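Asker: Take this structure, written in C-alpha cells, and hold onto it; I'll ask about it next.
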Amino acid sequence: MARKNKKLKQSVDEQLLESIFTIEREWKQIQSIVEKSIEPTEDGYFKKNISQAKYLFLLREARRRKISAIRYNK
C-alpha cells in the first residue's frame, strides 16, 4: 500500500512541475506581448495577472510539498 501511495505522490509531483513550467511559459509570453504593445488592453493586463497568480500559486504548492525540479529528470 505504501508503495502505491509513493508512486501516486511522485506522479502528482511530476504533473505539478509540468504545470509550473507550462504556466511560466504562458505568463512570460503574455508579459512580453503586453510590454511590447503600444496600447495594451485591459484584457491583456487581466490575462497577465491571472497567469502570474496561477504561477505563484503553483510555486507555493510545490514549496509546501517540498518538491524540486532538480530531482525529476526528463
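Chain labels run A, B, ... following the order of the C-alpha cells; each chain numbers its residues from 1, and ligands are numbered from 1 in the order shown.
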Tell me, as a list in words, which residues lie within 12 Å of Gln10 in chain A, counting only C-alpha atoms; anything in the same chain fewer than 4 positions away does not count.
Answerer: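 Answer for this query is Arg3, Lys4, Asn5, Lys6, Glu14, Gln15, Leu16, Leu17, Arg65, Lys66, Ile67, Ser68, Arg71 and Tyr72 of chain A.
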Asker: Could you save those same residues with all heavy atoms as a short mmCIF file (atom, residue, chain, number, x, y, z; two decimals), in the first residue's frame?
Answerer:
```
data_model
loop_
_atom_site.label_atom_id
_atom_site.label_comp_id
_atom_site.auth_asym_id
_atom_site.auth_seq_id
_atom_site.Cartn_x
_atom_site.Cartn_y
_atom_site.Cartn_z
N ARG A 3 3.78 1.60 -1.15
CA ARG A 3 4.45 1.71 -2.44
C ARG A 3 3.54 2.40 -3.45
O ARG A 3 3.99 3.23 -4.25
CB ARG A 3 4.82 0.31 -2.91
CG ARG A 3 5.83 0.26 -3.97
CD ARG A 3 6.20 -1.17 -4.21
NE ARG A 3 7.60 -1.23 -4.54
CZ ARG A 3 8.20 -2.29 -4.95
NH1 ARG A 3 7.54 -3.43 -5.05
NH2 ARG A 3 9.47 -2.26 -5.26
N LYS A 4 2.26 2.05 -3.42
CA LYS A 4 1.29 2.65 -4.33
C LYS A 4 1.16 4.15 -4.04
O LYS A 4 1.10 4.96 -4.96
CB LYS A 4 -0.05 1.95 -4.19
CG LYS A 4 -1.10 2.43 -5.15
CD LYS A 4 -2.37 1.65 -4.98
CE LYS A 4 -3.42 2.14 -5.96
NZ LYS A 4 -4.69 1.41 -5.79
N ASN A 5 1.11 4.50 -2.77
CA ASN A 5 0.99 5.92 -2.39
C ASN A 5 2.22 6.71 -2.82
O ASN A 5 2.10 7.85 -3.24
CB ASN A 5 0.79 6.05 -0.88
CG ASN A 5 -0.59 5.62 -0.45
OD1 ASN A 5 -1.52 5.59 -1.24
ND2 ASN A 5 -0.73 5.27 0.82
N LYS A 6 3.39 6.11 -2.71
CA LYS A 6 4.61 6.79 -3.11
C LYS A 6 4.63 7.05 -4.61
O LYS A 6 4.99 8.13 -5.07
CB LYS A 6 5.83 5.97 -2.69
CG LYS A 6 7.14 6.69 -2.88
CD LYS A 6 8.29 5.91 -2.32
CE LYS A 6 9.57 6.71 -2.48
NZ LYS A 6 10.71 6.05 -1.87
N GLU A 14 5.17 15.21 -10.41
CA GLU A 14 5.64 15.45 -11.79
C GLU A 14 4.62 16.27 -12.57
O GLU A 14 5.00 17.16 -13.34
CB GLU A 14 5.91 14.12 -12.47
CG GLU A 14 7.16 13.43 -11.95
CD GLU A 14 7.37 12.05 -12.54
OE1 GLU A 14 6.58 11.61 -13.40
OE2 GLU A 14 8.36 11.41 -12.15
N GLN A 15 3.34 16.00 -12.38
CA GLN A 15 2.30 16.78 -13.05
C GLN A 15 2.33 18.23 -12.58
O GLN A 15 2.14 19.16 -13.38
CB GLN A 15 0.92 16.19 -12.79
CG GLN A 15 0.67 14.88 -13.48
CD GLN A 15 -0.67 14.29 -13.10
OE1 GLN A 15 -1.38 14.80 -12.22
NE2 GLN A 15 -1.03 13.20 -13.75
N LEU A 16 2.58 18.42 -11.30
CA LEU A 16 2.67 19.77 -10.75
C LEU A 16 3.83 20.54 -11.37
O LEU A 16 3.68 21.69 -11.79
CB LEU A 16 2.81 19.73 -9.23
CG LEU A 16 2.98 21.07 -8.52
CD1 LEU A 16 1.77 21.96 -8.74
CD2 LEU A 16 3.20 20.84 -7.04
N LEU A 17 4.98 19.89 -11.48
CA LEU A 17 6.14 20.54 -12.09
C LEU A 17 5.88 20.85 -13.56
O LEU A 17 6.24 21.93 -14.05
CB LEU A 17 7.38 19.65 -11.96
CG LEU A 17 8.00 19.60 -10.57
CD1 LEU A 17 9.11 18.57 -10.54
CD2 LEU A 17 8.53 20.95 -10.17
N ARG A 65 4.82 21.13 -0.78
CA ARG A 65 5.02 19.69 -0.98
C ARG A 65 6.50 19.31 -0.96
O ARG A 65 6.84 18.15 -1.06
CB ARG A 65 4.39 19.24 -2.29
CG ARG A 65 2.89 19.38 -2.31
CD ARG A 65 2.34 19.04 -3.67
NE ARG A 65 2.50 17.64 -3.98
CZ ARG A 65 1.59 16.71 -3.79
NH1 ARG A 65 0.42 17.05 -3.28
NH2 ARG A 65 1.81 15.46 -4.10
N LYS A 66 7.37 20.32 -0.86
CA LYS A 66 8.83 20.12 -0.80
C LYS A 66 9.35 19.35 -2.01
O LYS A 66 10.08 18.37 -1.88
CB LYS A 66 9.23 19.41 0.49
CG LYS A 66 8.91 20.22 1.73
CD LYS A 66 9.30 19.51 2.97
CE LYS A 66 8.87 20.37 4.16
NZ LYS A 66 8.95 19.69 5.41
N ILE A 67 8.96 19.84 -3.20
CA ILE A 67 9.47 19.21 -4.43
C ILE A 67 10.36 20.20 -5.15
O ILE A 67 10.23 21.42 -5.03
CB ILE A 67 8.34 18.72 -5.35
CG1 ILE A 67 7.43 19.86 -5.79
CG2 ILE A 67 7.55 17.64 -4.69
CD1 ILE A 67 6.41 19.44 -6.81
N SER A 68 11.28 19.65 -5.91
CA SER A 68 12.24 20.45 -6.65
C SER A 68 12.36 19.90 -8.06
O SER A 68 12.32 18.69 -8.26
CB SER A 68 13.59 20.40 -5.95
OG SER A 68 14.58 20.98 -6.74
N ARG A 71 15.21 17.24 -8.84
CA ARG A 71 15.07 15.82 -8.55
C ARG A 71 14.46 15.03 -9.68
O ARG A 71 14.66 13.83 -9.78
CB ARG A 71 14.21 15.62 -7.30
CG ARG A 71 14.94 15.92 -6.04
CD ARG A 71 14.16 15.43 -4.87
NE ARG A 71 13.40 16.56 -4.35
CZ ARG A 71 12.36 16.47 -3.55
NH1 ARG A 71 11.92 15.31 -3.19
NH2 ARG A 71 11.76 17.54 -3.13
N TYR A 72 13.68 15.67 -10.53
CA TYR A 72 12.96 14.98 -11.60
C TYR A 72 13.65 15.21 -12.92
O TYR A 72 13.74 16.33 -13.40
CB TYR A 72 11.52 15.45 -11.66
CG TYR A 72 10.75 15.09 -10.41
CD1 TYR A 72 10.59 16.01 -9.39
CD2 TYR A 72 10.25 13.81 -10.24
CE1 TYR A 72 9.90 15.67 -8.24
CE2 TYR A 72 9.57 13.47 -9.10
CZ TYR A 72 9.40 14.40 -8.10
OH TYR A 72 8.73 14.06 -6.96
#
```
Asker: If you count only C-alpha atoms, which residues fall within 12 Å of range 49-62 of chain A, apart from same-chain ones fewer than 5 positions away, as a PDB file with N, CA, C and O atoms, in the first residue's frame?
Answerer:
```pdb
ATOM      1  N   VAL A  12       1.895  12.781  -9.136  1.00  0.00           N
ATOM      2  CA  VAL A  12       1.246  14.078  -8.924  1.00  0.00           C
ATOM      3  C   VAL A  12       2.296  15.190  -8.872  1.00  0.00           C
ATOM      4  O   VAL A  12       2.083  16.272  -9.421  1.00  0.00           O
ATOM      5  N   ASP A  13       3.421  14.918  -8.234  1.00  0.00           N
ATOM      6  CA  ASP A  13       4.506  15.904  -8.180  1.00  0.00           C
ATOM      7  C   ASP A  13       5.027  16.227  -9.573  1.00  0.00           C
ATOM      8  O   ASP A  13       5.280  17.383  -9.903  1.00  0.00           O
ATOM      9  N   GLU A  14       5.171  15.215 -10.412  1.00  0.00           N
ATOM     10  CA  GLU A  14       5.637  15.448 -11.785  1.00  0.00           C
ATOM     11  C   GLU A  14       4.624  16.266 -12.572  1.00  0.00           C
ATOM     12  O   GLU A  14       4.995  17.158 -13.341  1.00  0.00           O
ATOM     13  N   GLN A  15       3.342  15.999 -12.379  1.00  0.00           N
ATOM     14  CA  GLN A  15       2.304  16.780 -13.049  1.00  0.00           C
ATOM     15  C   GLN A  15       2.330  18.230 -12.578  1.00  0.00           C
ATOM     16  O   GLN A  15       2.145  19.158 -13.379  1.00  0.00           O
ATOM     17  N   LEU A  16       2.576  18.424 -11.297  1.00  0.00           N
ATOM     18  CA  LEU A  16       2.667  19.775 -10.750  1.00  0.00           C
ATOM     19  C   LEU A  16       3.831  20.537 -11.373  1.00  0.00           C
ATOM     20  O   LEU A  16       3.685  21.687 -11.793  1.00  0.00           O
ATOM     21  N   LEU A  17       4.978  19.889 -11.475  1.00  0.00           N
ATOM     22  CA  LEU A  17       6.140  20.535 -12.092  1.00  0.00           C
ATOM     23  C   LEU A  17       5.876  20.854 -13.561  1.00  0.00           C
ATOM     24  O   LEU A  17       6.238  21.928 -14.050  1.00  0.00           O
ATOM     25  N   GLU A  18       5.244  19.933 -14.254  1.00  0.00           N
ATOM     26  CA  GLU A  18       4.917  20.167 -15.663  1.00  0.00           C
ATOM     27  C   GLU A  18       3.977  21.369 -15.793  1.00  0.00           C
ATOM     28  O   GLU A  18       4.155  22.215 -16.672  1.00  0.00           O
ATOM     29  N   SER A  19       3.012  21.463 -14.905  1.00  0.00           N
ATOM     30  CA  SER A  19       2.084  22.598 -14.917  1.00  0.00           C
ATOM     31  C   SER A  19       2.810  23.904 -14.619  1.00  0.00           C
ATOM     32  O   SER A  19       2.521  24.936 -15.227  1.00  0.00           O
ATOM     33  N   ILE A  20       3.752  23.856 -13.692  1.00  0.00           N
ATOM     34  CA  ILE A  20       4.523  25.056 -13.360  1.00  0.00           C
ATOM     35  C   ILE A  20       5.277  25.561 -14.581  1.00  0.00           C
ATOM     36  O   ILE A  20       5.243  26.750 -14.900  1.00  0.00           O
ATOM     37  N   PHE A  21       5.955  24.658 -15.290  1.00  0.00           N
ATOM     38  CA  PHE A  21       6.725  25.070 -16.466  1.00  0.00           C
ATOM     39  C   PHE A  21       5.809  25.597 -17.570  1.00  0.00           C
ATOM     40  O   PHE A  21       6.128  26.585 -18.236  1.00  0.00           O
ATOM     41  N   THR A  22       4.653  24.978 -17.751  1.00  0.00           N
ATOM     42  CA  THR A  22       3.704  25.418 -18.777  1.00  0.00           C
ATOM     43  C   THR A  22       3.160  26.805 -18.462  1.00  0.00           C
ATOM     44  O   THR A  22       3.149  27.696 -19.325  1.00  0.00           O
ATOM     45  N   ILE A  23       2.728  27.007 -17.226  1.00  0.00           N
ATOM     46  CA  ILE A  23       2.164  28.300 -16.825  1.00  0.00           C
ATOM     47  C   ILE A  23       3.235  29.385 -16.847  1.00  0.00           C
ATOM     48  O   ILE A  23       2.961  30.534 -17.214  1.00  0.00           O
ATOM     49  N   GLU A  24       4.465  29.024 -16.494  1.00  0.00           N
ATOM     50  CA  GLU A  24       5.550  30.006 -16.532  1.00  0.00           C
ATOM     51  C   GLU A  24       5.785  30.491 -17.960  1.00  0.00           C
ATOM     52  O   GLU A  24       5.914  31.700 -18.206  1.00  0.00           O
ATOM     53  N   ARG A  25       5.814  29.567 -18.922  1.00  0.00           N
ATOM     54  CA  ARG A  25       5.987  29.964 -20.330  1.00  0.00           C
ATOM     55  C   ARG A  25       4.833  30.850 -20.783  1.00  0.00           C
ATOM     56  O   ARG A  25       5.047  31.869 -21.450  1.00  0.00           O
ATOM     57  N   GLU A  26       3.606  30.475 -20.410  1.00  0.00           N
ATOM     58  CA  GLU A  26       2.427  31.255 -20.786  1.00  0.00           C
ATOM     59  C   GLU A  26       2.501  32.661 -20.195  1.00  0.00           C
ATOM     60  O   GLU A  26       2.258  33.648 -20.889  1.00  0.00           O
ATOM     61  N   TRP A  27       2.856  32.751 -18.919  1.00  0.00           N
ATOM     62  CA  TRP A  27       2.946  34.043 -18.239  1.00  0.00           C
ATOM     63  C   TRP A  27       3.998  34.926 -18.897  1.00  0.00           C
ATOM     64  O   TRP A  27       3.762  36.107 -19.167  1.00  0.00           O
ATOM     65  N   LYS A  28       5.172  34.384 -19.163  1.00  0.00           N
ATOM     66  CA  LYS A  28       6.238  35.179 -19.775  1.00  0.00           C
ATOM     67  C   LYS A  28       5.876  35.609 -21.186  1.00  0.00           C
ATOM     68  O   LYS A  28       6.227  36.718 -21.612  1.00  0.00           O
ATOM     69  N   GLN A  29       5.181  34.763 -21.916  1.00  0.00           N
ATOM     70  CA  GLN A  29       4.760  35.116 -23.271  1.00  0.00           C
ATOM     71  C   GLN A  29       3.752  36.263 -23.230  1.00  0.00           C
ATOM     72  O   GLN A  29       3.890  37.239 -23.970  1.00  0.00           O
ATOM     73  N   ILE A  30       2.763  36.172 -22.369  1.00  0.00           N
ATOM     74  CA  ILE A  30       1.761  37.233 -22.251  1.00  0.00           C
ATOM     75  C   ILE A  30       2.408  38.521 -21.755  1.00  0.00           C
ATOM     76  O   ILE A  30       2.114  39.610 -22.259  1.00  0.00           O
ATOM     77  N   GLN A  31       3.318  38.407 -20.801  1.00  0.00           N
ATOM     78  CA  GLN A  31       4.012  39.578 -20.265  1.00  0.00           C
ATOM     79  C   GLN A  31       4.809  40.269 -21.371  1.00  0.00           C
ATOM     80  O   GLN A  31       4.808  41.497 -21.478  1.00  0.00           O
ATOM     81  N   VAL A  34       2.384  42.154 -23.668  1.00  0.00           N
ATOM     82  CA  VAL A  34       1.860  43.370 -23.023  1.00  0.00           C
ATOM     83  C   VAL A  34       2.934  44.455 -23.001  1.00  0.00           C
ATOM     84  O   VAL A  34       2.650  45.637 -23.257  1.00  0.00           O
ATOM     85  N   GLU A  42      -7.001  46.190 -21.426  1.00  0.00           N
ATOM     86  CA  GLU A  42      -7.265  45.728 -20.068  1.00  0.00           C
ATOM     87  C   GLU A  42      -7.289  44.207 -20.034  1.00  0.00           C
ATOM     88  O   GLU A  42      -6.880  43.603 -19.046  1.00  0.00           O
ATOM     89  N   ASP A  43      -7.764  43.607 -21.104  1.00  0.00           N
ATOM     90  CA  ASP A  43      -7.806  42.151 -21.189  1.00  0.00           C
ATOM     91  C   ASP A  43      -6.391  41.565 -21.140  1.00  0.00           C
ATOM     92  O   ASP A  43      -6.156  40.530 -20.505  1.00  0.00           O
ATOM     93  N   GLY A  44      -5.449  42.233 -21.776  1.00  0.00           N
ATOM     94  CA  GLY A  44      -4.061  41.789 -21.738  1.00  0.00           C
ATOM     95  C   GLY A  44      -3.492  41.833 -20.332  1.00  0.00           C
ATOM     96  O   GLY A  44      -2.828  40.888 -19.885  1.00  0.00           O
ATOM     97  N   ILE A  67       8.961  19.837  -3.201  1.00  0.00           N
ATOM     98  CA  ILE A  67       9.468  19.213  -4.425  1.00  0.00           C
ATOM     99  C   ILE A  67      10.364  20.205  -5.150  1.00  0.00           C
ATOM    100  O   ILE A  67      10.226  21.419  -5.026  1.00  0.00           O
ATOM    101  N   SER A  68      11.279  19.649  -5.913  1.00  0.00           N
ATOM    102  CA  SER A  68      12.237  20.453  -6.645  1.00  0.00           C
ATOM    103  C   SER A  68      12.361  19.897  -8.056  1.00  0.00           C
ATOM    104  O   SER A  68      12.320  18.688  -8.257  1.00  0.00           O
ATOM    105  N   ALA A  69      12.550  20.775  -9.021  1.00  0.00           N
ATOM    106  CA  ALA A  69      12.688  20.347 -10.410  1.00  0.00           C
ATOM    107  C   ALA A  69      13.999  19.610 -10.623  1.00  0.00           C
ATOM    108  O   ALA A  69      14.134  18.833 -11.562  1.00  0.00           O
TER     109      ALA A  69
END
```
Asker: DSSP on the backbone: what in chain A comes out alpha helix (DSSP H), as a PyMOL selection string?
Answerer: chain A and resi 2-36+42-65
Asker: Rounded to one decimal place, report the CA of Ser11 in chain A-CA of Arg64 in chain A distance in Å.
Answerer: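 Separation of CA of Ser11 in chain A and CA of Arg64 in chain A: 16.3 Å.
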